[in-house]
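J.: Provided herewith is a single structure, encoded as structure tokens, for subsequent inquiry.
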Amino acid sequence: MRLLTKLHDEKGLDFSQYRETSILRRINTRMDRYKTDSYDDYIKILQTNPAEYKELINALTINVTEFFRNPESFNAIDKIVIPRVIFSKSINQHKIIRALSCGCSSGDEPYSLAILLLEKLGDARKKFLLNIVGTDIDRDALEEAKNMVYSKNRLKAVSKKLLDEYFEKIGEDEYKLKSYVRNLVKFRYNNIITDTPFLLCDIILCRNLLIYFNKQLQEEVLLKLYECLNPGGFLVLGMVESLVGSAADVFETVDNRLRVYRRPETGSLKPESGSTLSQCDIDKLVKEMLE
Ligand SMILES: C[S@@+](CC[C@H](N)C(=O)[O-])C[C@H]1O[C@@H](n2cnc3c(N)ncnc32)[C@H](O)[C@@H]1O
């Protein structure tokens with residue numbers, strides 16, 4: 001706790017409610033580098049070598065990510081979430097779609113979402129304002145998100161069609177995301193524990209982040225995300241995460257296995273639970289909406 005307090009005081013990051021086992025394992029990995037098992041010694045190392053703070057924060061903020069990570073989850077976003085958001089926009093005559101990727105790491109997740117939205121909207125895309133924000137506490141990862149250059153491995157879940165459409169091959173094993181996709185996504189430093197990320201969202205992806213928090217913090221964050229959603233807006237969690245505590249009472253479950261939840265809509269105009277809109281329905285709705 002003394003070490004975590006020091007990290008909080010010096011760097012403003014509070015890891016005290018992250019899962020203890022995971023935090024200890026990661027701190028110990030850093031301590032092994034210095035061949036010490038004393039927390040006091042490690043605190044002294046931080047004092048004499050402030051660059052170690054960055055290494056420690058990197059170790060604590062695990063930022064593994066890739067495009068369309070957990071394809072099944074992205075399939076649910078594509079087939080359930082996006083069509084219903086477009087449906088709701090058409091009913092309400094709204095043309096702005098706002099989405100948040102909370103804990104976005106180096107941006108693969110919000111870029112994947114942007115690609116799916118572009119695909120679904122097709123020609124109607126120009127009539128919409130897509131407002132997608134990726135947030136994280138890892139400044140290096142946010143900076144990396146702006147480079148948009150990826151190895152083939154990072155893109156292994158991207159279909160050939162999407163790869164050809166949205167990426168440019170720039171080397172033997174390197175691809176660059178096209179800038180019009182990049183321009184749809186804004187990146188912001190934001191700590192979901194202490195800050196409000198982005199209000200009035202239609203879609204929030206918060207995947208593979210809650211897993212690092214203890215149950216109480218998970219509940220607090222889920223309730224905060226609820227407040228960030230428009231009525232009828234969707235929350236998608238990681239495949240091993242779920243609603244906890246009172247958050248389970250406030251969200252509506254759309255698909256528990258795929259971790260798709262929703263802030264209940266107050267009005268009565270909502271698609272029947274479990275229904276999926278076809279591309280043809282969407283085209284029709286979007287056309288009607290734009291007329
Ligand atoms: C494992 S990555 C998940 C990336 C992406 N969501 C995915 O599933 O591919 C977890 C991310 O959460 C970020 N993170 C950890 N604590 C956070 C906090 N308090 N607020 C915002 N982001 C946080 C980490 O920096 C890391 O980039």
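Naming works like this for the structure tokens: A, B, ... for the chains as they're shown, residue 1 at the start of each chain, ligands 1 onward in shown order.
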Counting only C-alpha atoms, give me one row per residue of region 58-98 of chain A with an atom at most 8 Å from an atom of region 231-238 of chain A, showing the shortest contact pair and its distance in Å to one decimal, sorted by chain then residue number, as a Markdown table.
T.:
```
| residue | atom | partner | partner_atom | distance |
| --- | --- | --- | --- | --- |
| A:Ser73 | CA | A:Gly238 | CA | 7.8 |
| A:Ile77 | CA | A:Val236 | CA | 7.9 |
| A:Val81 | CA | A:Phe234 | CA | 6.7 |
| A:Val85 | CA | A:Gly233 | CA | 7.4 |
```
J.: Restrict the selected residues to N, CA and C atoms and save them as a CSV table (one decimal), in the first residue's frame.
T.:
```
chain,number,residue,atom,x,y,z
A,73,SER,N,-17.3,-11.1,-30.2
A,73,SER,CA,-17.8,-9.9,-29.6
A,73,SER,C,-18.0,-8.9,-30.6
A,77,ILE,N,-21.3,-6.8,-32.0
A,77,ILE,CA,-21.4,-5.3,-32.2
A,77,ILE,C,-21.9,-5.0,-33.6
A,81,VAL,N,-25.6,-4.6,-32.1
A,81,VAL,CA,-25.5,-3.2,-31.6
A,81,VAL,C,-25.7,-2.1,-32.6
A,85,VAL,N,-28.6,0.8,-33.1
A,85,VAL,CA,-28.3,2.2,-32.9
A,85,VAL,C,-28.9,3.0,-34.1
```
J.: Using only C-alpha atoms and all ligand atoms, find each residue of chain A with at least one atom at most 7 Å away from an atom of ligand 1; report its shortest atom-to-atom pair and that distance in Å (one decimal), sort the rows by chain and rising residue number, and return the result as CSV.
T.:
```
residue,atom,partner,partner_atom_place_in_ligand_line,distance
A:Thr61,CA,ligand 1,25 (O),4.1
A:Ile62,CA,ligand 1,26 (C),5.1
A:Asn63,CA,ligand 1,27 (O),3.9
A:Val64,CA,ligand 1,1 (C),4.8
A:Thr65,CA,ligand 1,9 (O),3.7
A:Glu66,CA,ligand 1,9 (O),5.7
A:Arg69,CA,ligand 1,9 (O),5.7
A:Ser101,CA,ligand 1,6 (N),6.8
A:Cys102,CA,ligand 1,21 (C),6.1
A:Gly103,CA,ligand 1,12 (O),3.7
A:Cys104,CA,ligand 1,6 (N),4.5
A:Ser105,CA,ligand 1,27 (O),3.4
A:Ser106,CA,ligand 1,27 (O),6.9
A:Asp108,CA,ligand 1,9 (O),6.8
A:Glu109,CA,ligand 1,9 (O),5.7
A:Thr135,CA,ligand 1,21 (C),6.2
A:Asp136,CA,ligand 1,22 (N),3.8
A:Ile137,CA,ligand 1,22 (N),4.7
A:Asp138,CA,ligand 1,25 (O),4.5
A:Ala141,CA,ligand 1,27 (O),6.6
A:Asn190,CA,ligand 1,21 (C),5.8
A:Asn191,CA,ligand 1,20 (N),3.7
A:Ile192,CA,ligand 1,20 (N),4.0
A:Ile193,CA,ligand 1,19 (N),5.1
A:Cys206,CA,ligand 1,6 (N),6.0
A:Arg207,CA,ligand 1,8 (O),4.4
A:Asn208,CA,ligand 1,8 (O),4.6
A:Leu209,CA,ligand 1,10 (C),4.6
A:Gly238,CA,ligand 1,8 (O),6.6
```
J.: CA of Gly107 (chain A) and CA of Ile211 (chain A) are how many Å apart?
T.: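 Straight-line distance from CA of Gly107 (chain A) to CA of Ile211 (chain A) works out to 18.8 Å.
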J.: Please, which residues of region 120-191 of chain A, numbered as in this document, come out helix (DSSP H, G or I) from DSSP, as a ChimeraX atom specification?
T.: /A:120-127,139-145,152-155,160-166,179-182
J.: From the set A:Leu184, A:Leu118, A:Leu129, A:Ile80, which residue has the shortest atom-to-atom contact distance to His94 (chain A), counting only C-alpha atoms?
T.: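 Among the listed residues, the smallest separation from His94 (chain A) belongs to A:Leu129.
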J.: Quick one: residues within 8 Å of Ser112 (chain A), only C-alpha atoms, excluding same-chain residues fewer than 4 positions away - as a PyMOL selection string?
T.: chain A and resi 67-68+108+116
J.: Would you put the residues from that selection into a file with N, CA and C atoms, as a PDB file, in the first residue's frame?
T.:
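The resulting selection-v1.pdb:
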```
ATOM      1  N   PHE A  67      -6.847  -5.550 -33.573  1.00  0.00           N
ATOM      2  CA  PHE A  67      -8.073  -5.250 -34.313  1.00  0.00           C
ATOM      3  C   PHE A  67      -9.049  -6.417 -34.190  1.00  0.00           C
ATOM      4  N   PHE A  68     -10.312  -6.094 -33.931  1.00  0.00           N
ATOM      5  CA  PHE A  68     -11.382  -7.084 -33.808  1.00  0.00           C
ATOM      6  C   PHE A  68     -11.017  -8.188 -32.814  1.00  0.00           C
ATOM      7  N   ASP A 108      -6.760   0.065 -31.352  1.00  0.00           N
ATOM      8  CA  ASP A 108      -7.284  -0.930 -32.297  1.00  0.00           C
ATOM      9  C   ASP A 108      -8.800  -1.104 -32.133  1.00  0.00           C
ATOM     10  N   LEU A 116     -16.529  -0.828 -38.640  1.00  0.00           N
ATOM     11  CA  LEU A 116     -17.837  -1.480 -38.718  1.00  0.00           C
ATOM     12  C   LEU A 116     -18.953  -0.469 -38.966  1.00  0.00           C
TER      13      LEU A 116
END
```
